[in-house]
$ cat target-v9.cif   # mmCIF, C-alpha atoms
data_coords
#
loop_
_atom_site.label_atom_id
_atom_site.label_comp_id
_atom_site.auth_asym_id
_atom_site.auth_seq_id
_atom_site.Cartn_x
_atom_site.Cartn_y
_atom_site.Cartn_z
CA MET A 1 0.00 0.00 0.00
CA ALA A 2 1.35 3.43 -0.96
CA THR A 3 2.45 5.77 1.82
CA PRO A 4 -0.27 8.39 2.31
CA VAL A 5 0.61 12.02 1.72
CA PHE A 6 -0.52 14.58 4.28
CA LEU A 7 -0.69 18.31 3.72
CA SER A 8 0.72 20.62 6.40
CA GLN A 9 -2.01 21.64 8.83
CA SER A 10 -2.89 24.97 10.40
CA PRO A 11 -1.20 25.85 13.71
CA ARG A 12 -4.76 26.05 15.11
CA SER A 13 -5.47 22.42 14.19
CA VAL A 14 -5.61 19.64 16.78
CA LEU A 15 -4.68 15.96 16.49
CA LEU A 16 -5.68 13.43 19.17
CA VAL A 17 -4.21 9.93 18.79
CA THR A 18 -5.12 7.09 21.16
CA LEU A 19 -3.08 3.88 21.17
CA ASP A 20 -5.74 1.46 22.27
CA SER A 21 -4.78 -0.72 25.26
CA CYS A 22 -1.15 0.44 25.26
CA ARG A 23 0.66 -0.04 28.56
CA PHE A 24 3.02 2.65 29.81
CA ASP A 25 5.90 0.21 30.28
CA SER A 26 5.51 -1.13 26.73
CA PHE A 27 5.65 2.39 25.31
CA ARG A 28 8.66 3.31 27.44
CA GLN A 29 10.50 0.12 26.41
CA ALA A 30 9.82 0.40 22.67
CA ASN A 31 12.12 2.14 20.19
CA LEU A 32 9.81 4.95 19.04
CA PRO A 33 11.85 7.85 17.62
CA VAL A 34 8.85 9.47 15.92
CA MET A 35 6.30 9.40 18.73
CA LYS A 36 8.80 10.11 21.49
CA SER A 37 10.04 13.20 19.63
CA LEU A 38 6.68 14.92 20.26
CA GLY A 39 7.62 15.89 23.79
CA PRO A 40 8.29 14.52 27.28
CA LEU A 41 6.81 11.12 28.11
CA HIS A 42 4.51 11.19 31.14
CA ARG A 43 3.34 8.22 33.20
CA ALA A 44 -0.37 9.01 33.38
CA GLN A 45 -3.57 7.58 34.79
CA ALA A 46 -6.29 6.82 32.26
CA PRO A 47 -9.77 8.24 32.94
CA GLY A 48 -11.40 4.86 32.28
CA ASN A 49 -10.57 1.17 32.22
CA PHE A 50 -12.04 0.30 28.83
CA THR A 51 -12.32 2.00 25.45
CA TYR A 52 -15.80 3.51 25.63
CA ALA A 53 -15.51 4.94 29.13
CA SER A 54 -12.06 6.39 28.59
CA HIS A 55 -12.86 8.01 25.24
CA MET A 56 -16.13 9.46 26.51
CA ALA A 57 -14.14 11.05 29.35
CA MET A 58 -11.46 12.34 26.97
CA PHE A 59 -14.11 13.79 24.68
CA MET A 60 -15.27 15.77 27.74
CA GLY A 61 -11.73 17.03 28.31
CA PHE A 62 -10.56 14.49 30.89
CA THR A 63 -7.40 13.29 29.18
CA PRO A 64 -4.97 10.95 31.00
CA GLY A 65 -2.88 12.72 33.62
CA ASP A 66 -0.36 12.57 36.42
CA PRO A 67 -2.27 13.52 39.59
CA GLN A 68 0.93 14.71 41.30
CA ALA A 69 1.86 17.22 38.58
CA ARG A 70 1.10 20.94 38.69
CA GLU A 71 1.18 21.57 34.98
CA THR A 72 -1.65 22.14 32.51
CA GLY A 73 -2.11 19.11 30.31
CA VAL A 74 0.08 16.85 32.41
CA ASN A 75 -2.58 16.91 35.14
CA PRO A 76 -6.09 17.78 33.89
CA LYS A 77 -7.15 18.32 37.51
CA PHE A 78 -4.70 21.22 37.61
CA GLY A 79 -5.40 22.49 34.08
CA LYS A 80 -7.00 20.81 31.08
CA ILE A 81 -5.87 20.81 27.47
CA PHE A 82 -9.55 20.81 26.49
CA ARG A 83 -12.09 22.16 28.97
CA MET A 84 -15.81 22.25 28.42
CA SER A 85 -17.21 25.55 29.68
CA GLN A 86 -19.94 23.71 31.61
CA GLY A 87 -17.97 20.55 32.32
CA GLY A 88 -16.74 20.88 35.89
CA ILE A 89 -14.73 23.51 37.67
CA ALA A 90 -11.62 25.15 36.26
CA GLY A 91 -8.27 24.02 37.61
CA GLN A 92 -5.57 26.26 38.99
CA GLY A 93 -3.74 26.23 35.66
CA LYS A 94 -5.16 27.95 32.60
CA GLU A 95 -6.72 25.54 30.09
CA CYS A 96 -5.42 25.49 26.51
CA PHE A 97 -8.81 25.33 24.75
CA LEU A 98 -12.08 26.47 26.35
CA LEU A 99 -14.98 24.92 24.44
CA GLN A 100 -18.76 25.05 24.47
CA GLY A 101 -21.11 22.28 23.40
CA ARG A 102 -21.85 18.62 23.99
CA ASN A 103 -18.20 17.53 23.92
CA ILE A 104 -14.87 18.64 22.49
CA ILE A 105 -15.82 17.51 18.96
CA ASP A 106 -18.95 19.64 19.00
CA GLY A 107 -16.97 22.41 20.69
CA PHE A 108 -14.36 22.56 17.93
CA SER A 109 -17.09 22.35 15.30
CA ARG A 110 -18.74 25.45 16.79
CA LEU A 111 -15.41 27.24 16.37
CA GLY A 112 -15.41 26.46 12.67
CA TYR A 113 -13.14 23.41 12.74
CA ARG A 114 -13.66 20.49 10.39
CA THR A 115 -13.95 17.39 12.62
CA LEU A 116 -12.65 14.06 11.33
CA GLY A 117 -12.27 10.75 13.14
CA SER A 118 -11.20 7.18 12.53
CA GLY A 119 -11.55 4.32 15.02
CA ALA A 120 -10.23 0.77 15.01
CA VAL A 121 -12.03 -1.04 17.83
CA GLY A 122 -15.64 -2.10 17.82
CA TRP A 123 -16.84 0.64 20.15
CA PHE A 124 -16.38 3.00 17.17
CA ASN A 125 -18.56 1.04 14.75
CA PRO A 126 -21.12 3.71 13.71
CA GLU A 127 -23.56 1.01 12.61
CA THR A 128 -24.18 0.20 16.27
CA GLU A 129 -26.29 2.34 18.58
CA THR A 130 -23.63 2.17 21.30
CA ALA A 131 -21.09 3.95 19.08
CA ARG A 132 -23.21 7.05 18.52
CA GLY A 133 -22.00 8.74 21.69
CA LEU A 134 -18.45 8.52 20.37
CA THR A 135 -18.94 9.11 16.65
CA ALA A 136 -22.11 11.12 15.97
CA ASP A 137 -20.65 14.60 16.43
CA PHE A 138 -17.86 14.22 13.88
CA ASP A 139 -18.41 15.74 10.44
CA GLU A 140 -17.07 12.47 9.06
CA PHE A 141 -16.13 9.27 10.86
CA HIS A 142 -14.40 6.18 9.50
CA TYR A 143 -14.51 2.78 11.18
CA ALA A 144 -11.63 0.47 10.25
CA GLY A 145 -13.54 -2.78 10.85
CA ASN A 146 -10.74 -4.51 12.79
CA THR A 147 -7.75 -3.62 14.95
CA TRP A 148 -5.05 -4.02 12.30
CA SER A 149 -6.00 -1.47 9.64
CA LEU A 150 -3.83 1.55 10.44
CA GLU A 151 -2.72 1.89 6.81
CA GLU A 152 -6.33 2.15 5.59
CA GLN A 153 -7.13 4.61 8.38
CA LEU A 154 -4.23 6.82 7.34
CA GLN A 155 -5.24 6.67 3.69
CA TRP A 156 -8.75 7.78 4.63
CA LEU A 157 -7.48 10.62 6.80
CA SER A 158 -5.07 11.75 4.09
CA GLY A 159 -7.92 12.20 1.61
CA ARG A 160 -10.26 13.91 4.07
CA LEU A 161 -7.59 16.32 5.31
CA ALA A 162 -6.76 17.26 1.72
CA GLU A 163 -10.43 18.03 1.12
CA ALA A 164 -10.60 20.14 4.29
CA GLY A 165 -8.20 22.68 2.82
CA GLU A 166 -6.34 25.26 4.89
CA GLY A 167 -8.86 25.77 7.69
CA PRO A 168 -8.33 24.31 11.15
CA VAL A 169 -9.29 20.68 11.76
CA PHE A 170 -9.86 18.52 14.81
CA THR A 171 -8.62 15.05 13.87
CA PHE A 172 -8.99 11.94 15.99
CA LEU A 173 -7.27 8.59 15.36
CA ASN A 174 -7.83 5.47 17.46
CA VAL A 175 -5.03 2.97 16.71
CA GLY A 176 -5.91 -0.70 17.11
CA GLU A 177 -2.65 -2.58 16.59
CA THR A 178 -1.77 -2.22 20.28
CA HIS A 179 -5.09 -3.81 21.30
CA VAL A 180 -5.36 -7.56 21.81
CA PRO A 181 -4.39 -9.71 19.93
CA TYR A 182 -1.47 -7.26 19.37
CA TYR A 183 -1.45 -7.98 15.67
CA PHE A 184 -0.24 -5.81 12.79
CA ARG A 185 -0.06 -6.47 9.05
CA GLY A 186 2.90 -8.71 8.32
CA ALA A 187 3.39 -9.87 11.90
CA PRO A 188 4.77 -13.42 12.11
CA TRP A 189 1.79 -14.61 14.15
CA SER A 190 -1.90 -15.01 13.45
CA PRO A 191 -4.56 -12.54 14.59
CA GLU A 192 -6.43 -15.62 15.79
CA ASP A 193 -3.64 -16.31 18.30
CA ASN A 194 -4.31 -14.12 21.33
CA PRO A 195 -1.87 -14.38 24.27
CA CYS A 196 -4.05 -12.28 26.59
CA VAL A 197 -7.58 -13.61 27.15
CA PRO A 198 -9.55 -13.07 30.38
CA PHE A 199 -9.94 -16.30 32.41
CA ALA A 200 -7.89 -18.37 29.92
CA ASP A 201 -5.38 -20.97 31.11
CA ASN A 202 -2.77 -20.55 28.38
CA ASN A 203 -2.01 -16.81 28.47
CA ASP A 204 1.57 -15.62 28.08
CA ALA A 205 2.73 -12.34 29.67
CA ALA A 206 6.14 -12.33 27.99
CA GLU A 207 4.59 -12.91 24.59
CA SER A 208 1.97 -10.22 25.19
CA ARG A 209 4.71 -7.73 25.96
CA ARG A 210 6.82 -8.77 22.99
CA ARG A 211 3.90 -8.39 20.61
CA GLN A 212 2.69 -5.04 21.92
CA VAL A 213 6.21 -3.60 21.76
CA ALA A 214 6.60 -4.95 18.22
CA ALA A 215 3.25 -3.41 17.24
CA LEU A 216 4.34 -0.04 18.62
CA GLU A 217 7.60 -0.13 16.71
CA TRP A 218 5.78 -1.14 13.52
CA LEU A 219 3.35 1.76 13.70
CA ASP A 220 5.86 4.41 14.78
CA GLY A 221 7.22 5.08 11.29
CA ARG A 222 3.82 4.76 9.70
CA LEU A 223 2.48 7.56 11.87
CA ALA A 224 5.36 9.85 10.88
CA PRO A 225 3.67 11.56 7.86
CA LEU A 226 0.54 12.33 9.89
CA LEU A 227 2.49 13.68 12.85
CA GLU A 228 4.70 15.73 10.55
CA ALA A 229 1.61 17.31 8.97
CA PHE A 230 0.60 18.51 12.44
CA SER A 231 4.11 19.64 13.40
CA ARG A 232 2.90 23.23 13.96
CA SER A 233 -0.32 22.14 15.64
CA THR A 234 -1.55 20.78 18.94
CA VAL A 235 -0.94 17.03 19.19
CA VAL A 236 -2.02 14.78 22.06
CA LEU A 237 -0.87 11.16 21.96
CA CYS A 238 -1.88 8.76 24.71
CA ALA A 239 -3.48 5.43 25.47
CA ASP A 240 -7.07 5.02 26.60
CA HIS A 241 -6.08 2.27 29.04
CA GLY A 242 -3.58 -0.56 29.39
CA ASP A 243 -3.89 -4.29 29.92
CA CYS A 244 -3.13 -6.63 32.80
CA TRP A 245 -0.67 -9.39 31.91
CA GLY A 246 -1.14 -11.69 34.84
CA GLU A 247 -0.68 -9.15 37.62
CA ASP A 248 -2.75 -10.34 40.59
CA GLY A 249 -4.01 -13.13 38.36
CA LEU A 250 -5.77 -10.68 36.02
CA TRP A 251 -5.70 -10.39 32.24
CA GLU A 252 -6.71 -7.74 29.70
CA HIS A 253 -8.77 -4.63 30.63
CA GLY A 254 -12.18 -3.51 31.87
CA ILE A 255 -10.89 -3.72 35.45
CA SER A 256 -9.56 -0.89 37.60
CA HIS A 257 -6.11 -2.31 38.17
CA GLU A 258 -2.95 -0.20 38.31
CA LYS A 259 -1.59 -1.66 35.07
CA VAL A 260 -4.86 -1.03 33.25
CA LEU A 261 -4.94 2.60 34.37
CA GLU A 262 -1.22 3.29 33.78
CA VAL A 263 -0.75 4.77 30.30
CA PRO A 264 1.67 6.90 28.26
CA LEU A 265 0.96 10.56 27.58
CA ILE A 266 2.88 12.88 25.26
CA PHE A 267 1.59 16.20 24.00
CA ARG A 268 2.62 19.41 22.30
CA ILE A 269 0.50 22.57 22.28
CA GLY A 270 0.24 24.68 19.13
CA GLU A 271 -1.76 27.85 18.57
CA THR A 272 -4.79 28.06 20.86
CA GLY A 273 -6.18 31.49 20.09
#
$ encode --input "target-v9.cif" --output "structure tokens"
Amino acid sequence: MATPVFLSQSPRSVLLVTLDSCRFDSFRQANLPVMKSLGPLHRAQAPGNFTYASHMAMFMGFTPGDPQARETGVNPKFGKIFRMSQGGIAGQGKECFLLQGRNIIDGFSRLGYRTLGSGAVGWFNPETETARGLTADFDEFHYAGNTWSLEEQLQWLSGRLAEAGEGPVFTFLNVGETHVPYYFRGAPWSPEDNPCVPFADNNDAAESRRRQVAALEWLDGRLAPLLEAFSRSTVVLCADHGDCWGEDGLWEHGISHEKVLEVPLIFRIGETG
């Protein structure tokens, strides 16, 4: 598949990328020159323990954060990157974007932004009623259909961003390769072979780690053209939650365990006025 071409975006534009199910320790271990060049890596707490809950919280401005930090963006309790004007009290730090509306997608739309989104996991399937809370407010939303379609997602975003022209855009990308079964195109294992299954007897923590790290390293270069297009813009890259790999006898996510809530966060703020 040809490498998608992305046009340079307005400094007012915003890109939110979520690496679904990515553990903090996997991200820290992996060789990720592109993603790690965005800014400092923060060990953050996710706002939810599964995809829907965490993204609904993020779409209300509650991005992952370090509760000990006193820095806007690093700790949304102190100061949010995105704050809804009627969504809770202001922190002590000044927010980056103050928005009005149902959520941050609607808020950016009211400011004249084109809103585009692409999701990989099933919670983003717009054919289901449950997905509407996550997808309905985007001008256009693309569902990948499985968790190993980053290349198709990037091709779709490339075309839609070209059509959007020079105006500001809010772009959301949910990446699925880091979600179980930790499969990416060309991986030397089958997507049917999942080393992390709740209540299974044959799970493998070492193999889960190896595969998630490999998936991260595979997608790092493929995200480079998109991240470069937003090099003058606000970019937030994080995970929505992590996975348990046998800690306390637990596997996968949907449970409020330390390893499920511990996620990477990197961000860079562009023009906010």
$ resolve_selection --input "target-v9.cif" --expression "the PyMOL selection byres ((chain A and resi 144-150) around 12)" --output "PDB file with C-alpha atoms, keeping the file's coordinate frame"
ATOM      1  CA  MET A   1       0.000   0.000   0.000  1.00  0.00           C
ATOM      2  CA  THR A   3       2.450   5.770   1.820  1.00  0.00           C
ATOM      3  CA  PRO A   4      -0.270   8.390   2.310  1.00  0.00           C
ATOM      4  CA  VAL A  17      -4.210   9.930  18.790  1.00  0.00           C
ATOM      5  CA  LEU A  19      -3.080   3.880  21.170  1.00  0.00           C
ATOM      6  CA  ASP A  20      -5.740   1.460  22.270  1.00  0.00           C
ATOM      7  CA  SER A  21      -4.780  -0.720  25.260  1.00  0.00           C
ATOM      8  CA  GLY A 117     -12.270  10.750  13.140  1.00  0.00           C
ATOM      9  CA  SER A 118     -11.200   7.180  12.530  1.00  0.00           C
ATOM     10  CA  GLY A 119     -11.550   4.320  15.020  1.00  0.00           C
ATOM     11  CA  ALA A 120     -10.230   0.770  15.010  1.00  0.00           C
ATOM     12  CA  VAL A 121     -12.030  -1.040  17.830  1.00  0.00           C
ATOM     13  CA  GLY A 122     -15.640  -2.100  17.820  1.00  0.00           C
ATOM     14  CA  TRP A 123     -16.840   0.640  20.150  1.00  0.00           C
ATOM     15  CA  PHE A 124     -16.380   3.000  17.170  1.00  0.00           C
ATOM     16  CA  ASN A 125     -18.560   1.040  14.750  1.00  0.00           C
ATOM     17  CA  PRO A 126     -21.120   3.710  13.710  1.00  0.00           C
ATOM     18  CA  GLU A 127     -23.560   1.010  12.610  1.00  0.00           C
ATOM     19  CA  PHE A 141     -16.130   9.270  10.860  1.00  0.00           C
ATOM     20  CA  HIS A 142     -14.400   6.180   9.500  1.00  0.00           C
ATOM     21  CA  TYR A 143     -14.510   2.780  11.180  1.00  0.00           C
ATOM     22  CA  GLU A 151      -2.720   1.890   6.810  1.00  0.00           C
ATOM     23  CA  GLU A 152      -6.330   2.150   5.590  1.00  0.00           C
ATOM     24  CA  GLN A 153      -7.130   4.610   8.380  1.00  0.00           C
ATOM     25  CA  LEU A 154      -4.230   6.820   7.340  1.00  0.00           C
ATOM     26  CA  GLN A 155      -5.240   6.670   3.690  1.00  0.00           C
ATOM     27  CA  TRP A 156      -8.750   7.780   4.630  1.00  0.00           C
ATOM     28  CA  LEU A 157      -7.480  10.620   6.800  1.00  0.00           C
ATOM     29  CA  LEU A 173      -7.270   8.590  15.360  1.00  0.00           C
ATOM     30  CA  ASN A 174      -7.830   5.470  17.460  1.00  0.00           C
ATOM     31  CA  VAL A 175      -5.030   2.970  16.710  1.00  0.00           C
ATOM     32  CA  GLY A 176      -5.910  -0.700  17.110  1.00  0.00           C
ATOM     33  CA  GLU A 177      -2.650  -2.580  16.590  1.00  0.00           C
ATOM     34  CA  THR A 178      -1.770  -2.220  20.280  1.00  0.00           C
ATOM     35  CA  HIS A 179      -5.090  -3.810  21.300  1.00  0.00           C
ATOM     36  CA  VAL A 180      -5.360  -7.560  21.810  1.00  0.00           C
ATOM     37  CA  PRO A 181      -4.390  -9.710  19.930  1.00  0.00           C
ATOM     38  CA  TYR A 182      -1.470  -7.260  19.370  1.00  0.00           C
ATOM     39  CA  TYR A 183      -1.450  -7.980  15.670  1.00  0.00           C
ATOM     40  CA  PHE A 184      -0.240  -5.810  12.790  1.00  0.00           C
ATOM     41  CA  ARG A 185      -0.060  -6.470   9.050  1.00  0.00           C
ATOM     42  CA  GLY A 186       2.900  -8.710   8.320  1.00  0.00           C
ATOM     43  CA  ALA A 187       3.390  -9.870  11.900  1.00  0.00           C
ATOM     44  CA  SER A 190      -1.900 -15.010  13.450  1.00  0.00           C
ATOM     45  CA  PRO A 191      -4.560 -12.540  14.590  1.00  0.00           C
ATOM     46  CA  ALA A 215       3.250  -3.410  17.240  1.00  0.00           C
ATOM     47  CA  LEU A 216       4.340  -0.040  18.620  1.00  0.00           C
ATOM     48  CA  TRP A 218       5.780  -1.140  13.520  1.00  0.00           C
ATOM     49  CA  LEU A 219       3.350   1.760  13.700  1.00  0.00           C
ATOM     50  CA  ASP A 220       5.860   4.410  14.780  1.00  0.00           C
ATOM     51  CA  GLY A 221       7.220   5.080  11.290  1.00  0.00           C
ATOM     52  CA  ARG A 222       3.820   4.760   9.700  1.00  0.00           C
ATOM     53  CA  LEU A 223       2.480   7.560  11.870  1.00  0.00           C
ATOM     54  CA  LEU A 226       0.540  12.330   9.890  1.00  0.00           C
TER      55      LEU A 226
END
$ residues_around --input "target-v9.cif" --residues "Glu262 of chain A" --least-positions-apart "2" --cutoff "10 Å" --atoms "all atoms listed in the file" --output "PyMOL selection string"
chain A and resi 22-25+43-47+49+64-66+239-243+257-260+264-265
$ resolve_selection --input "target-v9.cif" --expression "the PyMOL selection byres ((chain A and resi 82) around 6)" --output "PyMOL selection string"
chain A and resi 61+80-81+83+97
$ resolve_selection --input "target-v9.cif" --expression "the PyMOL selection byres ((chain A and resi 16) around 7)" --output "NGL selection string"
:A and (14-15 or 17-18 or 171-173 or 235-237)
$ atom_distance --input "target-v9.cif" --atom1 "atom CA of Leu161 of chain A" --atom2 "atom CA of Ala224 of chain A"
15.5 Å
$ atom_distance --input "target-v9.cif" --atom1 "atom CA of Ser85 of chain A" --atom2 "atom CA of Val169 of chain A"
20.2 Å
$ atom_distance --input "target-v9.cif" --atom1 "atom CA of Ile105 of chain A" --atom2 "atom CA of Thr272 of chain A"
15.4 Å
$ closest_residue --input "target-v9.cif" --among "A:Glu129, A:Glu95, A:Asp106, A:Glu207" --to "Trp245 of chain A" --atoms "only C-alpha atoms"
A:Glu207
$ closest_residue --input "target-v9.cif" --among "A:Leu250, A:Val34, A:Ile255, A:Leu41" --to "Ala200 of chain A" --atoms "all atoms listed in the file"
A:Leu250
$ closest_residue --input "target-v9.cif" --among "A:Asn194, A:Ser233, A:Thr72, A:Asn202" --to "Arg12 of chain A" --atoms "all atoms listed in the file"
A:Ser233
$ build_atoms --input "target-v9.cif" --residues "segment 67-82 of chain A" --atoms "N, CA, C and O atoms" --output "JSON list (two decimals), in the frame of the given file"
[["chain", "number", "residue", "atom", "x", "y", "z"],
["A", 67, "PRO", "N", -1.58, 12.76, 38.54],
["A", 67, "PRO", "CA", -2.27, 13.52, 39.59],
["A", 67, "PRO", "C", -1.33, 14.29, 40.51],
["A", 67, "PRO", "O", -1.77, 15.15, 41.26],
["A", 68, "GLN", "N", -0.02, 13.99, 40.46],
["A", 68, "GLN", "CA", 0.93, 14.71, 41.30],
["A", 68, "GLN", "C", 1.47, 15.97, 40.63],
["A", 68, "GLN", "O", 2.07, 16.82, 41.29],
["A", 69, "ALA", "N", 1.26, 16.11, 39.33],
["A", 69, "ALA", "CA", 1.86, 17.22, 38.58],
["A", 69, "ALA", "C", 1.06, 18.51, 38.77],
["A", 69, "ALA", "O", -0.15, 18.48, 38.98],
["A", 70, "ARG", "N", 1.75, 19.62, 38.66],
["A", 70, "ARG", "CA", 1.10, 20.94, 38.69],
["A", 70, "ARG", "C", 1.43, 21.65, 37.38],
["A", 70, "ARG", "O", 2.12, 22.65, 37.35],
["A", 71, "GLU", "N", 0.92, 21.06, 36.32],
["A", 71, "GLU", "CA", 1.18, 21.57, 34.98],
["A", 71, "GLU", "C", -0.03, 21.29, 34.10],
["A", 71, "GLU", "O", -0.52, 20.16, 34.06],
["A", 72, "THR", "N", -0.52, 22.33, 33.43],
["A", 72, "THR", "CA", -1.65, 22.14, 32.51],
["A", 72, "THR", "C", -1.33, 21.07, 31.49],
["A", 72, "THR", "O", -0.26, 21.04, 30.91],
["A", 73, "GLY", "N", -2.28, 20.18, 31.28],
["A", 73, "GLY", "CA", -2.11, 19.11, 30.31],
["A", 73, "GLY", "C", -1.53, 17.86, 30.91],
["A", 73, "GLY", "O", -2.00, 16.76, 30.65],
["A", 74, "VAL", "N", -0.50, 18.01, 31.73],
["A", 74, "VAL", "CA", 0.08, 16.85, 32.41],
["A", 74, "VAL", "C", -0.89, 16.33, 33.46],
["A", 74, "VAL", "O", -1.03, 15.13, 33.65],
["A", 75, "ASN", "N", -1.57, 17.27, 34.14],
["A", 75, "ASN", "CA", -2.58, 16.91, 35.14],
["A", 75, "ASN", "C", -3.85, 17.69, 34.84],
["A", 75, "ASN", "O", -3.95, 18.88, 35.14],
["A", 76, "PRO", "N", -4.86, 17.05, 34.22],
["A", 76, "PRO", "CA", -6.09, 17.78, 33.89],
["A", 76, "PRO", "C", -6.83, 18.30, 35.12],
["A", 76, "PRO", "O", -7.65, 19.21, 34.99],
["A", 77, "LYS", "N", -6.55, 17.76, 36.30],
["A", 77, "LYS", "CA", -7.15, 18.32, 37.51],
["A", 77, "LYS", "C", -6.60, 19.71, 37.78],
["A", 77, "LYS", "O", -7.30, 20.59, 38.29],
["A", 78, "PHE", "N", -5.33, 19.92, 37.43],
["A", 78, "PHE", "CA", -4.70, 21.22, 37.61],
["A", 78, "PHE", "C", -5.07, 22.17, 36.46],
["A", 78, "PHE", "O", -5.41, 23.34, 36.69],
["A", 79, "GLY", "N", -5.04, 21.68, 35.24],
["A", 79, "GLY", "CA", -5.40, 22.49, 34.08],
["A", 79, "GLY", "C", -5.55, 21.60, 32.85],
["A", 79, "GLY", "O", -4.66, 20.81, 32.54],
["A", 80, "LYS", "N", -6.69, 21.70, 32.19],
["A", 80, "LYS", "CA", -7.00, 20.81, 31.08],
["A", 80, "LYS", "C", -6.45, 21.34, 29.75],
["A", 80, "LYS", "O", -6.36, 22.55, 29.54],
["A", 81, "ILE", "N", -6.14, 20.43, 28.86],
["A", 81, "ILE", "CA", -5.87, 20.81, 27.47],
["A", 81, "ILE", "C", -7.17, 21.28, 26.83],
["A", 81, "ILE", "O", -7.22, 22.32, 26.19],
["A", 82, "PHE", "N", -8.22, 20.48, 27.01],
["A", 82, "PHE", "CA", -9.55, 20.81, 26.49],
["A", 82, "PHE", "C", -10.50, 20.91, 27.68],
["A", 82, "PHE", "O", -10.67, 19.93, 28.40]]
